[in-house]
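Student: For reference, the file structure12.txt (compact mmCIF, C-alpha atoms) is included below:
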# COMPACT_ATOMS: atom_id res chain seq x y z
CA MET A 1 58.76 -173.49 28.89
CA GLY A 2 57.46 -169.93 29.20
CA ARG A 3 59.47 -166.75 28.72
CA VAL A 4 59.60 -163.60 30.81
CA GLY A 5 59.34 -159.90 30.08
CA LEU A 6 58.10 -158.61 26.73
CA PHE A 7 57.94 -162.09 25.23
CA ASP A 8 56.06 -163.70 28.12
CA LEU A 9 53.36 -165.41 26.06
CA GLU A 10 51.50 -166.73 29.09
CA LYS A 11 51.19 -163.25 30.56
CA HIS A 12 50.05 -161.60 27.33
CA PHE A 13 47.65 -164.37 26.38
CA ALA A 14 46.14 -164.44 29.89
CA PHE A 15 45.56 -160.69 29.69
CA TYR A 16 43.90 -161.13 26.30
CA GLY A 17 41.90 -164.15 27.47
CA ALA A 18 40.46 -162.26 30.42
CA TYR A 19 38.75 -159.95 27.92
CA HIS A 20 37.70 -162.80 25.65
CA SER A 21 36.28 -165.61 27.76
CA ASN A 22 32.81 -165.75 26.22
CA PRO A 23 32.70 -168.26 23.31
CA MET A 24 30.55 -166.00 21.12
CA ASN A 25 32.89 -163.06 21.65
CA VAL A 26 35.86 -165.28 20.79
CA PHE A 27 34.08 -166.47 17.64
CA LEU A 28 33.33 -162.90 16.51
CA HIS A 29 36.99 -161.95 16.99
CA MET A 30 38.09 -164.95 14.96
CA ILE A 31 35.89 -163.70 12.13
CA PHE A 32 36.73 -160.00 12.25
CA VAL A 33 40.32 -159.49 13.48
CA TRP A 34 42.22 -160.63 10.38
CA PRO A 35 39.90 -158.75 7.97
CA ILE A 36 40.78 -155.61 9.97
CA VAL A 37 44.46 -156.35 9.34
CA PHE A 38 43.80 -156.93 5.65
CA SER A 39 41.72 -153.80 5.09
CA THR A 40 44.23 -151.70 7.03
CA LEU A 41 46.98 -152.92 4.71
CA VAL A 42 44.81 -152.04 1.70
CA PHE A 43 44.68 -148.45 2.91
CA LEU A 44 48.37 -148.33 3.85
CA TYR A 45 49.29 -149.47 0.34
CA PHE A 46 48.90 -145.86 -0.75
CA THR A 47 51.52 -144.55 1.69
CA PRO A 48 54.96 -143.77 0.20
CA PRO A 49 57.95 -146.16 0.41
CA LEU A 50 60.13 -145.85 3.49
CA PHE A 51 63.67 -144.58 3.00
CA ASN A 52 63.06 -144.38 -0.76
CA LEU A 53 63.16 -148.16 -1.01
CA PRO A 54 62.39 -149.52 -4.49
CA LYS A 55 59.05 -151.06 -5.37
CA LEU A 56 58.84 -154.75 -6.19
CA GLY A 57 56.84 -155.54 -9.33
CA ILE A 58 54.76 -158.72 -9.59
CA SER A 59 52.16 -159.84 -12.13
CA PRO A 60 49.51 -162.05 -10.50
CA PHE A 61 46.74 -163.14 -12.86
CA GLY A 62 48.40 -161.10 -15.60
CA TYR A 63 47.90 -157.81 -13.75
CA ASN A 64 50.98 -155.75 -12.86
CA VAL A 65 51.19 -154.78 -9.19
CA ASP A 66 53.87 -152.85 -7.32
CA LEU A 67 54.64 -154.13 -3.82
CA VAL A 68 55.51 -150.99 -1.89
CA LEU A 69 57.96 -151.26 1.01
CA ASN A 70 56.06 -148.71 3.04
CA ILE A 71 54.58 -148.44 6.54
CA GLY A 72 52.21 -151.34 5.84
CA PHE A 73 55.15 -153.60 5.00
CA PHE A 74 57.07 -152.37 8.05
CA LEU A 75 54.16 -153.02 10.44
CA GLY A 76 53.70 -156.48 8.97
CA LEU A 77 57.41 -157.19 9.37
CA VAL A 78 57.44 -156.04 13.01
CA SER A 79 54.32 -158.07 13.76
CA ALA A 80 55.82 -161.18 12.14
CA PHE A 81 58.96 -160.77 14.28
CA PHE A 82 56.92 -160.61 17.48
CA TYR A 83 54.77 -163.58 16.52
CA ILE A 84 57.75 -165.82 15.76
CA ALA A 85 59.49 -164.66 18.95
CA PHE A 86 56.42 -165.69 20.97
CA ASP A 87 56.14 -169.15 19.42
CA LYS A 88 58.08 -170.50 16.45
CA LYS A 89 55.38 -172.79 15.02
CA ALA A 90 52.22 -170.71 15.42
CA GLY A 91 54.25 -167.54 14.99
CA SER A 92 55.63 -168.72 11.66
CA LEU A 93 52.09 -169.40 10.47
CA ALA A 94 51.01 -165.94 11.64
CA ALA A 95 54.01 -164.40 9.86
CA LEU A 96 53.06 -166.24 6.68
CA LEU A 97 49.52 -164.88 6.99
CA CYS A 98 50.93 -161.37 7.43
CA PHE A 99 52.94 -161.77 4.23
CA PHE A 100 49.92 -163.15 2.37
CA CYS A 101 47.78 -160.24 3.61
CA TRP A 102 50.40 -157.72 2.51
CA VAL A 103 50.74 -159.17 -0.99
CA SER A 104 47.02 -159.78 -1.55
CA SER A 105 46.01 -156.40 -0.08
CA SER A 106 48.50 -154.74 -2.44
CA TYR A 107 46.83 -156.51 -5.36
CA VAL A 108 43.35 -155.47 -4.20
CA ALA A 109 44.42 -151.87 -3.55
CA ALA A 110 46.09 -151.58 -6.95
CA ARG A 111 43.01 -152.92 -8.68
CA LEU A 112 40.58 -150.71 -6.79
CA GLY A 113 42.55 -147.45 -6.86
CA PHE A 114 42.57 -145.02 -3.95
CA SER A 115 39.18 -143.38 -4.66
CA LEU A 116 37.36 -146.70 -4.30
CA ALA A 117 39.74 -148.45 -1.90
CA TRP A 118 39.28 -146.03 0.99
CA LYS A 119 35.48 -146.49 0.78
CA VAL A 120 35.82 -150.27 0.85
CA VAL A 121 38.27 -150.01 3.75
CA LEU A 122 35.98 -147.69 5.70
CA ALA A 123 32.98 -149.99 5.24
CA SER A 124 34.92 -153.11 6.22
CA GLN A 125 36.45 -151.43 9.25
CA LEU A 126 33.06 -150.24 10.46
CA ILE A 127 31.56 -153.70 10.06
CA CYS A 128 34.45 -155.51 11.72
CA TRP A 129 34.82 -153.13 14.66
CA THR A 130 31.06 -153.09 15.20
CA GLY A 131 31.06 -156.88 15.31
CA GLN A 132 33.81 -156.88 17.93
CA PHE A 133 32.14 -154.22 20.07
CA ILE A 134 28.92 -156.25 19.94
CA GLY A 135 30.92 -159.25 21.11
CA HIS A 136 32.19 -157.30 24.10
CA GLY A 137 29.02 -155.38 24.94
CA VAL A 138 26.40 -158.06 24.37
CA PHE A 139 28.24 -161.31 25.12
CA GLU A 140 31.43 -160.59 27.09
CA LYS A 141 29.90 -157.65 28.98
CA ARG A 142 33.35 -156.15 29.39
CA ALA A 143 35.03 -153.27 27.59
CA PRO A 144 37.59 -154.36 24.95
CA ALA A 145 41.28 -154.61 25.75
CA LEU A 146 42.14 -151.60 23.56
CA LEU A 147 40.87 -149.33 26.31
CA ASP A 148 43.53 -150.74 28.66
CA ASN A 149 46.35 -151.85 26.35
CA LEU A 150 46.70 -150.62 22.77
CA PHE A 151 49.72 -152.88 22.22
CA GLN A 152 47.54 -155.90 22.94
CA ALA A 153 44.62 -154.70 20.86
CA PHE A 154 46.41 -153.87 17.63
CA LEU A 155 49.65 -155.84 17.50
CA MET A 156 48.87 -159.02 19.40
CA ALA A 157 45.17 -159.67 18.67
CA PRO A 158 45.78 -161.26 15.22
CA PHE A 159 48.24 -163.74 16.72
CA PHE A 160 46.03 -164.54 19.69
CA VAL A 161 42.92 -165.30 17.63
CA LEU A 162 45.05 -167.56 15.43
CA LEU A 163 46.42 -169.30 18.52
CA GLU A 164 42.88 -169.74 19.85
CA ALA A 165 41.75 -171.23 16.53
CA LEU A 166 44.70 -173.65 16.48
CA GLN A 167 43.92 -174.74 20.01
CA MET A 168 40.21 -175.08 19.33
CA PHE A 169 40.44 -177.03 16.08
CA CYS A 170 43.81 -178.79 16.37
CA GLY A 171 44.46 -178.96 20.11
CA TYR A 172 47.69 -177.03 19.59
CA GLU A 173 49.57 -175.40 22.43
CA PRO A 174 53.04 -173.81 22.34
CA TYR A 175 54.28 -176.23 25.00
CA PRO A 176 52.67 -178.83 27.30
CA GLY A 177 50.57 -177.27 30.04
CA PHE A 178 50.38 -173.85 28.37
CA HIS A 179 46.60 -173.63 28.14
CA ALA A 180 45.99 -174.99 31.63
CA THR A 181 48.40 -172.42 33.08
CA VAL A 182 46.89 -169.59 31.04
CA GLN A 183 43.33 -170.59 31.94
CA ALA A 184 44.20 -170.44 35.64
CA LYS A 185 45.58 -166.93 35.15
CA VAL A 186 42.51 -165.91 33.14
CA ASP A 187 40.17 -167.17 35.85
CA SER A 188 42.15 -165.28 38.47
CA GLU A 189 42.10 -162.07 36.39
CA ILE A 190 38.35 -162.29 35.80
CA LYS A 191 37.72 -162.97 39.49
CA GLU A 192 39.79 -159.91 40.43
CA TRP A 193 37.98 -157.76 37.83
CA LYS A 194 34.55 -158.84 39.16
CA ALA A 195 35.64 -158.11 42.72
CA LYS A 196 36.71 -154.59 41.74
CA ASN A 197 33.38 -153.98 40.00
CA GLN A 198 31.48 -155.14 43.06
CA LYS A 199 33.44 -152.72 45.26
CA LYS A 200 32.69 -149.85 42.88
CA SER A 201 28.97 -150.63 42.82
CA SER A 202 28.69 -151.03 46.61
I need this file expressed as structure tokens, please.
Tutor:
Amino acid sequence: MGRVGLFDLEKHFAFYGAYHSNPMNVFLHMIFVWPIVFSTLVFLYFTPPLFNLPKLGISPFGYNVDLVLNIGFFLGLVSAFFYIAFDKKAGSLAALLCFFCWVSSSYVAARLGFSLAWKVVLASQLICWTGQFIGHGVFEKRAPALLDNLFQAFLMAPFFVLLEALQMFCGYEPYPGFHATVQAKVDSEIKEWKAKNQKKSS
């Protein structure tokens, strides 16, 4: 059964789906969204700990790495909370991916050092965002959601592409009838958007 308000998954996913209805655009987002999360966390590794929290030392592959409880950790924690609140099963998987990205990005950042890491991050961000803009401009032919809803674009996109992948490859849905209901809302949103564009052009 769906929820209402901030945690209304049907509403949020329908909004997202209306901007990502073309299969090629969806595929490009599946490829590029999580690498954006990962590379962002690589860069945020170099921000200071919040509230003077202690660092957590680990030694993967015999290399000492400090896990910093900084803004990257905080953003990952907030994202994980939202994902689990939206759907316990898929959200838990998304939260686990957030944790994996935080730990592995910390390892990569520590190995690279800031002088090389920011160059790698810049290159990966340019490639990933270019791929997504191509998806919208060439295939979707609609501006990305970030121009209308930054919350959707940055916080929710990683969860939504994961949910799309689970549905596509495993037939998963948060509850029976979810995808049929969302698809109806997506179709209605796209129809309304096309009608507005026709009025503007006439």
Student: One decimal, Å: what's the distance from atom CA of A:Asp87 over to atom CA of A:Cys128, could you say?
Tutor: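 So the two atoms, atom CA of A:Asp87 and atom CA of A:Cys128, lie 26.8 Å apart.
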Student: Restricting the calculation to all atoms listed in the file: of A:Val37, A:Leu162, A:Ile71, A:Ala110, which residue gets closest to A:Ser92?
Tutor: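 Smallest separation from A:Ser92 among the options: A:Leu162.
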Student: May I ask for the distance between atom CA of A:Gly131 and atom CA of A:Val33, given in Å to one decimal place?
Tutor: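 That distance, rounded to one decimal, is 9.8 Å.
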Student: Using atom CA of A:Leu122 and atom CA of A:Ala109 as the two end points, give the distance in Å to one decimal.
Tutor: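 Interatomic distance here is 13.2 Å.
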Student: For A:Leu96, which of A:Phe133, A:Trp193, A:Phe13, A:Phe159 is the closest residue, counting only C-alpha atoms?
Tutor: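 Selected residue with least distance to A:Leu96: A:Phe159.
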Student: Of the candidates A:Thr130, A:Thr181, A:Thr40, A:Ser106, which one gets nearest to A:Leu69 if we count only C-alpha atoms?
Tutor: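 Nearest to A:Leu69: A:Ser106.
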Student: The residues within 9 Å of (30.7, -161.7, 29.8), using only C-alpha atoms and the coordinates of the file, should be reported as a PyMOL selection string; which are they?
Tutor: chain A and resi 19-22+25+136-142
Student: Report, as AutoDock Vina command-line options, the centre and edge lengths in Å (one decimal) of the axis-aligned box enclosing every listed atom of stretch 15-31 of chain A, padded by 5 Å on each side.
Tutor:
--center_x 38.1 --center_y -164.1 --center_z 21.3 --size_x 25.0 --size_y 18.3 --size_z 28.3
Student: Write out as an MDAnalysis selection string which residues come within 8 Å of A:Ser124 when counting all atoms listed in the file, dropping same-chain ones fewer than 3 positions away.
Tutor: chainID A and resid 35:36 39 120:121 127:128
Student: Contacts of A:Met30 at 10 Å or less, counting all atoms listed in the file, minus same-chain residues fewer than 5 places along, as a list in words?
Tutor: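 Listing them by chain and then by number gives Met24, Asn25, Pro35, Gln132, Ala157, Pro158, Phe160, Val161, Leu162, Glu164 and Ala165 of chain A.
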Student: Could you check which residues have any atom within 8 Å of (40.5, -165.3, 29.4), counting only C-alpha atoms with coordinates taken straight from the file, and then list them as a list in words?
Tutor: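 Residues with an atom at most 8 Å from (40.5, -165.3, 29.4): Phe13, Ala14, Phe15, Tyr16, Gly17, Ala18, Tyr19, His20, Ser21, Val182, Gln183, Lys185, Val186, Asp187, Glu189 and Ile190 of chain A.
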Student: Neighbouring residues of A:Gly113 were defined as those with any atom within 10 Å, considering all atoms listed in the file; residues of the same chain fewer than 4 positions away were excluded. Please report them as a ChimeraX atom specification.
Tutor: /A:42,46,108-109,117-118
Student: Go ahead and dump the residues you just picked, C-alpha atoms, as a PDB file, in the frame of the given file.
Tutor:
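Done, and the output landed in again39.pdb:
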ATOM      1  CA  VAL A  42      44.810-152.040   1.700  1.00  0.00           C
ATOM      2  CA  PHE A  46      48.900-145.860  -0.750  1.00  0.00           C
ATOM      3  CA  VAL A 108      43.350-155.470  -4.200  1.00  0.00           C
ATOM      4  CA  ALA A 109      44.420-151.870  -3.550  1.00  0.00           C
ATOM      5  CA  ALA A 117      39.740-148.450  -1.900  1.00  0.00           C
ATOM      6  CA  TRP A 118      39.280-146.030   0.990  1.00  0.00           C
TER       7      TRP A 118
END
Student: Give me, as a PDB file with C-alpha atoms, keeping the file's coordinate frame, all polymer residues having an atom no more than 12 Å from A:Leu155, counting only C-alpha atoms and skipping those fewer than 3 positions away in the same chain.
Tutor:
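Below you can see result.pdb, which holds the result:
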ATOM      1  CA  HIS A  12      50.050-161.600  27.330  1.00  0.00           C
ATOM      2  CA  TYR A  16      43.900-161.130  26.300  1.00  0.00           C
ATOM      3  CA  VAL A  33      40.320-159.490  13.480  1.00  0.00           C
ATOM      4  CA  TRP A  34      42.220-160.630  10.380  1.00  0.00           C
ATOM      5  CA  ILE A  36      40.780-155.610   9.970  1.00  0.00           C
ATOM      6  CA  VAL A  37      44.460-156.350   9.340  1.00  0.00           C
ATOM      7  CA  LEU A  75      54.160-153.020  10.440  1.00  0.00           C
ATOM      8  CA  GLY A  76      53.700-156.480   8.970  1.00  0.00           C
ATOM      9  CA  LEU A  77      57.410-157.190   9.370  1.00  0.00           C
ATOM     10  CA  VAL A  78      57.440-156.040  13.010  1.00  0.00           C
ATOM     11  CA  SER A  79      54.320-158.070  13.760  1.00  0.00           C
ATOM     12  CA  ALA A  80      55.820-161.180  12.140  1.00  0.00           C
ATOM     13  CA  PHE A  81      58.960-160.770  14.280  1.00  0.00           C
ATOM     14  CA  PHE A  82      56.920-160.610  17.480  1.00  0.00           C
ATOM     15  CA  TYR A  83      54.770-163.580  16.520  1.00  0.00           C
ATOM     16  CA  ALA A  94      51.010-165.940  11.640  1.00  0.00           C
ATOM     17  CA  CYS A  98      50.930-161.370   7.430  1.00  0.00           C
ATOM     18  CA  ALA A 145      41.280-154.610  25.750  1.00  0.00           C
ATOM     19  CA  LEU A 146      42.140-151.600  23.560  1.00  0.00           C
ATOM     20  CA  ASN A 149      46.350-151.850  26.350  1.00  0.00           C
ATOM     21  CA  LEU A 150      46.700-150.620  22.770  1.00  0.00           C
ATOM     22  CA  PHE A 151      49.720-152.880  22.220  1.00  0.00           C
ATOM     23  CA  GLN A 152      47.540-155.900  22.940  1.00  0.00           C
ATOM     24  CA  PRO A 158      45.780-161.260  15.220  1.00  0.00           C
ATOM     25  CA  PHE A 159      48.240-163.740  16.720  1.00  0.00           C
ATOM     26  CA  PHE A 160      46.030-164.540  19.690  1.00  0.00           C
ATOM     27  CA  VAL A 161      42.920-165.300  17.630  1.00  0.00           C
TER      28      VAL A 161
END
Student: Do you have, as a tab-separated table, the list of residues of stretch 74-168 of chain A lying at most 10 Å from stretch 48-59 of chain A, each with its nearest atom pair and that distance in Å to one decimal, counting all atoms listed in the file and ordered by chain then number?
Tutor:
residue	atom	partner	partner_atom	distance
A:Phe74	CA	A:Leu50	CA	8.5
A:Val103	CA	A:Ile58	CA	9.5
A:Tyr107	CA	A:Ser59	CA	9.2
Student: Counting all atoms listed in the file, what is within 9 Å of A:Phe73, bar same-chain residues fewer than 5 positions away, as a list of chain:residue names?
Tutor: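 My list of contacting residues is A:Leu41, A:Leu44, A:Tyr45, A:Leu67, A:Val68, A:Val78, A:Phe99, A:Trp102.
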Student: Return stretch 163-179 of chain A, completed with N, CA and C atoms, as a PDB file, keeping the file's coordinate frame.
Tutor:
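The resulting out.pdb:
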ATOM      1  N   LEU A 163      46.034-168.320  17.519  1.00  0.00           N
ATOM      2  CA  LEU A 163      46.420-169.300  18.520  1.00  0.00           C
ATOM      3  C   LEU A 163      45.188-169.966  19.120  1.00  0.00           C
ATOM      4  N   GLU A 164      44.139-169.180  19.339  1.00  0.00           N
ATOM      5  CA  GLU A 164      42.880-169.740  19.850  1.00  0.00           C
ATOM      6  C   GLU A 164      42.271-170.714  18.838  1.00  0.00           C
ATOM      7  N   ALA A 165      42.301-170.357  17.573  1.00  0.00           N
ATOM      8  CA  ALA A 165      41.750-171.230  16.530  1.00  0.00           C
ATOM      9  C   ALA A 165      42.541-172.532  16.441  1.00  0.00           C
ATOM     10  N   LEU A 166      43.868-172.450  16.532  1.00  0.00           N
ATOM     11  CA  LEU A 166      44.700-173.650  16.480  1.00  0.00           C
ATOM     12  C   LEU A 166      44.435-174.559  17.672  1.00  0.00           C
ATOM     13  N   GLN A 167      44.226-173.940  18.825  1.00  0.00           N
ATOM     14  CA  GLN A 167      43.920-174.740  20.010  1.00  0.00           C
ATOM     15  C   GLN A 167      42.541-175.373  19.904  1.00  0.00           C
ATOM     16  N   MET A 168      41.582-174.611  19.412  1.00  0.00           N
ATOM     17  CA  MET A 168      40.210-175.080  19.330  1.00  0.00           C
ATOM     18  C   MET A 168      40.036-176.204  18.323  1.00  0.00           C
ATOM     19  N   PHE A 169      40.661-176.063  17.156  1.00  0.00           N
ATOM     20  CA  PHE A 169      40.440-177.030  16.080  1.00  0.00           C
ATOM     21  C   PHE A 169      41.514-178.114  15.973  1.00  0.00           C
ATOM     22  N   CYS A 170      42.709-177.824  16.501  1.00  0.00           N
ATOM     23  CA  CYS A 170      43.810-178.790  16.370  1.00  0.00           C
ATOM     24  C   CYS A 170      44.373-179.249  17.713  1.00  0.00           C
ATOM     25  N   GLY A 171      43.922-178.621  18.804  1.00  0.00           N
ATOM     26  CA  GLY A 171      44.460-178.960  20.110  1.00  0.00           C
ATOM     27  C   GLY A 171      45.885-178.494  20.307  1.00  0.00           C
ATOM     28  N   TYR A 172      46.295-177.496  19.525  1.00  0.00           N
ATOM     29  CA  TYR A 172      47.690-177.030  19.590  1.00  0.00           C
ATOM     30  C   TYR A 172      47.922-176.166  20.814  1.00  0.00           C
ATOM     31  N   GLU A 173      49.106-176.320  21.414  1.00  0.00           N
ATOM     32  CA  GLU A 173      49.570-175.400  22.430  1.00  0.00           C
ATOM     33  C   GLU A 173      51.088-175.252  22.278  1.00  0.00           C
ATOM     34  N   PRO A 174      51.612-174.069  22.561  1.00  0.00           N
ATOM     35  CA  PRO A 174      53.040-173.810  22.340  1.00  0.00           C
ATOM     36  C   PRO A 174      53.953-174.781  23.072  1.00  0.00           C
ATOM     37  N   TYR A 175      53.539-175.227  24.233  1.00  0.00           N
ATOM     38  CA  TYR A 175      54.280-176.230  25.000  1.00  0.00           C
ATOM     39  C   TYR A 175      53.307-176.894  25.969  1.00  0.00           C
ATOM     40  N   PRO A 176      53.600-178.103  26.419  1.00  0.00           N
ATOM     41  CA  PRO A 176      52.670-178.830  27.300  1.00  0.00           C
ATOM     42  C   PRO A 176      52.328-178.029  28.553  1.00  0.00           C
ATOM     43  N   GLY A 177      51.036-177.976  28.850  1.00  0.00           N
ATOM     44  CA  GLY A 177      50.570-177.270  30.040  1.00  0.00           C
ATOM     45  C   GLY A 177      50.299-175.804  29.834  1.00  0.00           C
ATOM     46  N   PHE A 178      50.552-175.293  28.616  1.00  0.00           N
ATOM     47  CA  PHE A 178      50.380-173.850  28.370  1.00  0.00           C
ATOM     48  C   PHE A 178      48.950-173.408  28.632  1.00  0.00           C
ATOM     49  N   HIS A 179      47.987-174.093  28.030  1.00  0.00           N
ATOM     50  CA  HIS A 179      46.600-173.630  28.140  1.00  0.00           C
ATOM     51  C   HIS A 179      46.039-173.783  29.547  1.00  0.00           C
TER      52      HIS A 179
END
